[in-house]
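Structure data follow from start-v5.csv (CSV, C-alpha atoms):
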```
chain,number,residue,atom,x,y,z
A,272,MET,CA,8.1,2.9,11.6
A,273,LYS,CA,8.1,-0.5,9.9
A,274,ALA,CA,8.4,-0.8,6.1
A,275,VAL,CA,9.2,-3.9,4.0
A,276,LEU,CA,9.6,-4.4,0.3
A,277,SER,CA,9.7,-8.0,-0.9
A,278,HIS,CA,10.1,-8.9,-4.6
A,279,GLN,CA,11.0,-11.9,-6.6
A,280,ASN,CA,14.6,-12.4,-7.7
A,281,ALA,CA,15.4,-11.6,-11.4
A,282,LYS,CA,17.0,-15.1,-11.5
A,283,PRO,CA,14.4,-17.8,-12.0
A,284,ASN,CA,15.8,-19.9,-9.1
A,285,GLY,CA,17.0,-17.0,-7.0
A,286,ARG,CA,15.8,-16.1,-3.5
A,287,ASP,CA,13.4,-13.3,-2.9
A,288,ILE,CA,14.9,-9.8,-2.3
A,289,LEU,CA,13.9,-7.9,0.8
A,290,VAL,CA,14.3,-4.3,1.9
A,291,ILE,CA,13.5,-4.2,5.6
A,292,ASN,CA,13.5,-0.8,7.2
A,293,GLY,CA,15.9,0.4,4.4
A,294,GLU,CA,18.3,-2.5,4.6
A,295,LEU,CA,18.7,-4.7,1.5
A,296,SER,CA,19.0,-8.5,1.9
A,297,GLU,CA,18.4,-11.8,0.1
A,298,TYR,CA,15.9,-14.0,1.8
A,299,ARG,CA,17.7,-16.6,4.0
A,300,GLY,CA,15.0,-17.5,6.4
A,301,THR,CA,16.2,-15.5,9.4
A,302,GLU,CA,13.7,-14.7,12.2
A,303,GLU,CA,13.7,-11.0,11.2
A,304,GLN,CA,13.1,-11.9,7.5
A,305,ASP,CA,10.3,-14.3,8.3
A,306,LYS,CA,8.6,-11.6,10.4
A,307,ALA,CA,9.0,-9.1,7.6
A,308,GLN,CA,7.7,-11.5,5.0
A,309,ASP,CA,4.6,-12.1,7.2
A,310,LEU,CA,3.8,-8.4,6.8
A,311,THR,CA,3.9,-8.6,3.0
A,312,VAL,CA,0.9,-11.0,2.9
A,313,PRO,CA,-2.6,-9.8,3.5
A,314,SER,CA,-3.9,-10.6,6.9
A,315,GLN,CA,-7.5,-10.9,8.0
A,316,ASP,CA,-7.5,-7.5,9.6
A,317,MET,CA,-6.3,-5.8,6.4
A,318,LYS,CA,-9.3,-4.7,4.4
A,319,SER,CA,-9.0,-5.3,0.7
A,320,GLN,CA,-9.6,-2.0,-1.3
A,321,THR,CA,-11.1,-3.9,-4.2
A,322,PHE,CA,-13.1,-1.0,-5.6
A,323,MET,CA,-10.3,1.5,-5.1
A,324,SER,CA,-7.8,-0.9,-6.8
A,325,TRP,CA,-10.1,-1.1,-9.8
A,326,VAL,CA,-10.5,2.7,-10.0
A,327,TYR,CA,-6.7,3.1,-9.9
A,328,ARG,CA,-6.2,0.5,-12.6
A,329,LEU,CA,-8.6,2.5,-14.8
A,330,GLY,CA,-6.2,5.4,-14.2
A,331,GLY,CA,-3.2,3.5,-15.5
A,332,ALA,CA,-2.0,1.5,-12.5
A,333,SER,CA,-0.9,-2.1,-13.1
A,334,SER,CA,-3.6,-4.6,-13.7
A,335,SER,CA,-2.1,-6.6,-10.9
A,336,LEU,CA,-2.4,-3.8,-8.4
A,337,ARG,CA,-4.0,-4.9,-5.1
A,338,LEU,CA,-4.3,-2.6,-2.1
A,339,TYR,CA,-5.0,-3.6,1.5
A,340,TYR,CA,-5.6,-1.1,4.3
A,341,ASN,CA,-6.1,-0.9,8.1
A,342,LYS,CA,-5.7,2.5,9.7
A,343,ASN,CA,-4.2,0.9,12.8
A,344,LYS,CA,-1.9,-1.6,11.1
A,345,GLY,CA,-0.8,0.0,7.9
A,346,VAL,CA,-1.1,-0.4,4.1
A,347,LEU,CA,-0.1,-3.3,1.9
A,348,ILE,CA,0.4,-3.0,-1.8
A,349,THR,CA,1.0,-6.0,-4.2
A,350,SER,CA,1.7,-5.5,-7.9
A,351,ASN,CA,4.2,-6.0,-10.6
A,352,LEU,CA,7.3,-3.9,-11.1
A,353,ILE,CA,8.3,-2.3,-14.4
A,354,SER,CA,11.6,-4.3,-13.9
A,355,LYS,CA,11.7,-7.7,-15.5
A,356,ASP,CA,13.2,-11.0,-14.6
A,357,GLU,CA,15.8,-12.9,-16.7
A,358,VAL,CA,12.9,-14.5,-18.6
A,359,GLY,CA,11.4,-11.1,-19.5
A,360,ARG,CA,8.4,-11.1,-17.1
A,361,ASN,CA,7.6,-8.2,-14.8
A,362,MET,CA,8.7,-9.1,-11.3
A,363,VAL,CA,6.1,-9.3,-8.5
A,364,TYR,CA,6.4,-7.2,-5.4
A,365,SER,CA,4.7,-6.6,-2.0
A,366,PHE,CA,5.2,-3.4,0.0
A,367,PHE,CA,4.0,-2.9,3.5
A,368,CYS,CA,4.2,0.2,5.6
A,369,ASN,CA,2.7,0.6,9.1
A,370,THR,CA,2.5,4.4,8.9
A,371,VAL,CA,-0.5,5.7,7.0
A,372,ASP,CA,-0.8,9.2,8.2
A,373,ASN,CA,1.6,10.8,5.7
A,374,PRO,CA,0.7,9.6,2.2
A,375,THR,CA,3.5,11.4,0.5
A,376,ARG,CA,6.0,9.8,2.9
A,377,VAL,CA,4.7,6.3,2.2
A,378,ARG,CA,4.9,6.8,-1.5
A,379,LYS,CA,8.5,8.1,-1.2
A,380,LEU,CA,9.4,5.1,1.0
A,381,LEU,CA,8.1,2.7,-1.7
A,382,GLU,CA,10.1,4.5,-4.4
A,383,ASP,CA,13.2,4.7,-2.2
A,384,TYR,CA,13.0,1.0,-1.3
A,385,CYS,CA,12.7,0.1,-4.9
A,386,THR,CA,15.8,2.2,-5.6
A,387,VAL,CA,17.7,0.4,-2.8
A,388,ALA,CA,16.7,-2.9,-4.5
A,389,SER,CA,17.6,-1.6,-8.0
A,390,VAL,CA,14.1,-2.2,-9.3
A,391,LYS,CA,11.5,0.2,-10.8
A,392,PRO,CA,7.9,0.4,-9.7
A,393,ASN,CA,5.1,1.5,-11.9
A,394,ASP,CA,4.7,5.3,-11.3
A,395,LYS,CA,0.9,4.9,-11.5
A,396,ASP,CA,1.0,2.3,-8.7
A,397,CYS,CA,3.0,4.7,-6.5
A,398,GLU,CA,0.5,7.5,-7.3
A,399,ALA,CA,-2.4,5.1,-6.4
A,400,VAL,CA,-0.8,4.3,-3.0
A,401,GLU,CA,-0.6,8.0,-2.2
A,402,LYS,CA,-4.2,8.7,-3.4
A,403,LEU,CA,-5.6,5.7,-1.5
A,404,LEU,CA,-4.0,7.0,1.8
A,405,ARG,CA,-5.2,10.6,1.1
A,406,PHE,CA,-8.7,9.2,0.4
A,407,GLN,CA,-8.7,7.1,3.7
A,408,LYS,CA,-7.5,10.1,5.6
A,409,SER,CA,-10.1,12.5,4.2
A,410,LYS,CA,-12.9,9.9,4.5
A,411,ILE,CA,-13.0,10.4,8.3
A,412,LYS,CA,-13.3,14.2,7.8
A,413,CYS,CA,-16.0,13.8,5.2
A,414,VAL,CA,-18.1,11.4,7.5
A,415,ALA,CA,-17.7,13.8,10.4
A,416,ALA,CA,-18.8,16.8,8.2
A,417,ALA,CA,-21.8,14.8,6.9
A,418,VAL,CA,-22.8,13.9,10.5
A,419,ALA,CA,-22.5,17.5,11.6
A,420,VAL,CA,-24.7,18.6,8.6
A,421,VAL,CA,-27.4,16.0,9.4
A,422,VAL,CA,-27.4,17.0,13.1
A,423,ALA,CA,-27.7,20.7,12.1
A,424,LEU,CA,-30.6,19.9,9.7
A,425,ILE,CA,-32.4,17.9,12.4
A,426,LEU,CA,-32.0,20.7,14.9
A,427,LEU,CA,-33.2,23.3,12.3
A,428,ILE,CA,-36.2,21.2,11.3
A,429,SER,CA,-37.2,20.5,14.9
A,430,LYS,CA,-36.8,24.3,15.8
A,431,CYS,CA,-38.9,25.3,12.8
A,432,SER,CA,-41.6,22.8,13.5
A,433,SER,CA,-41.9,23.9,17.1
A,434,ASN,CA,-42.5,27.5,16.1
```
Final structure tokens representation of the file:
Amino acid sequence: MKAVLSHQNAKPNGRDILVINGELSEYRGTEEQDKAQDLTVPSQDMKSQTFMSWVYRLGGASSSLRLYYNKNKGVLITSNLISKDEVGRNMVYSFFCNTVDNPTRVRKLLEDYCTVASVKPNDKDCEAVEKLLRFQKSKIKCVAAAVAVVVALILLISKCSSN
């Protein structure tokens, strides 16, 4: 599994802070860090969850919350932390996880990585991540059930009309 948390430094001129697969570091431009940073930026194959982000913001998530999803690639969350920089502004973060099949685990990873980095995420943002992944997981089951119902109705109608 690959997971990366990237957030701005509390010091105005400080380097970004990274937690890559559980390991804390300050951005120095290493190859591993550059690859990890690439994961924390939305790519073309990550679908923006604009409507879902809006719904979660209505539920108390950060107004800056943005969610991106690709079932084969992972989930990317960008938002503000509760933690503030030295100027008093909420710090910005991005979190990427390539595993989407266990929503509770992804949420826990986000919270754990924030703990490793000594920052605090918005609890409602963490809740939104878990809900988004649960929704995406159940969406496939709902579509399959709907298709089965439609097929059953067509068969029933065709059988009734032939009698």
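One distance worth recording is that between atom CA of Ser389 of chain A and atom CA of Gly345 of chain A, which is 24.4 Å.
Using all atoms listed in the file, the smallest distance between any of A:Thr375, A:Ser354, A:Thr386, A:Asn361 and Glu401 of chain A comes from A:Thr375.
Restricting the calculation to only C-alpha atoms, the smallest distance between Tyr384 of chain A and any of A:Lys355, A:His278, A:Lys306, A:Lys402 is found for A:His278.
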**Message:** From the options A:Ala399, A:Leu347, A:Met323, A:Ala388, which residue's atoms come nearest to Glu297 of chain A, counting only C-alpha atoms?
**Reply:** A:Ala388
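Atom to atom, atom CA of Leu380 of chain A and atom CA of Lys342 of chain A stand 17.6 Å apart.
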**Message:** For a test of reading the model, state the distance in Å between atom CA of Pro374 of chain A and atom CA of Leu403 of chain A, rounded to one decimal.
**Reply:** 8.3 Å
**Item:** Residue neighbourhood Ser296 of chain A, 12 Å, all atoms listed in the file, exclusion window fewer than 2 positions, as a PyMOL selection string
**Value:** chain A and resi 275-278+280+286-294+298-301+303-304+307+384+387-388
**Asked** If I put a ball of radius 10 Å at (3.3, -8.3, 3.2) in the file's coordinates, which residues poke into it when counting all atoms listed in the file, written as a PyMOL selection string?
**Response** chain A and resi 274-277+306-314+339+346-349+364-368
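Minimum distance to Thr370 of chain A across A:Lys318, A:Lys395, A:Lys282, A:Lys344 (counting only C-alpha atoms) occurs at A:Lys344.
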**Asked** If we count only C-alpha atoms, what is near Arg360 of chain A at a cut-off of 10 Å, once residues fewer than 6 positions away on the same chain are taken out, given as a PyMOL selection string?
**Response** chain A and resi 281+351-354
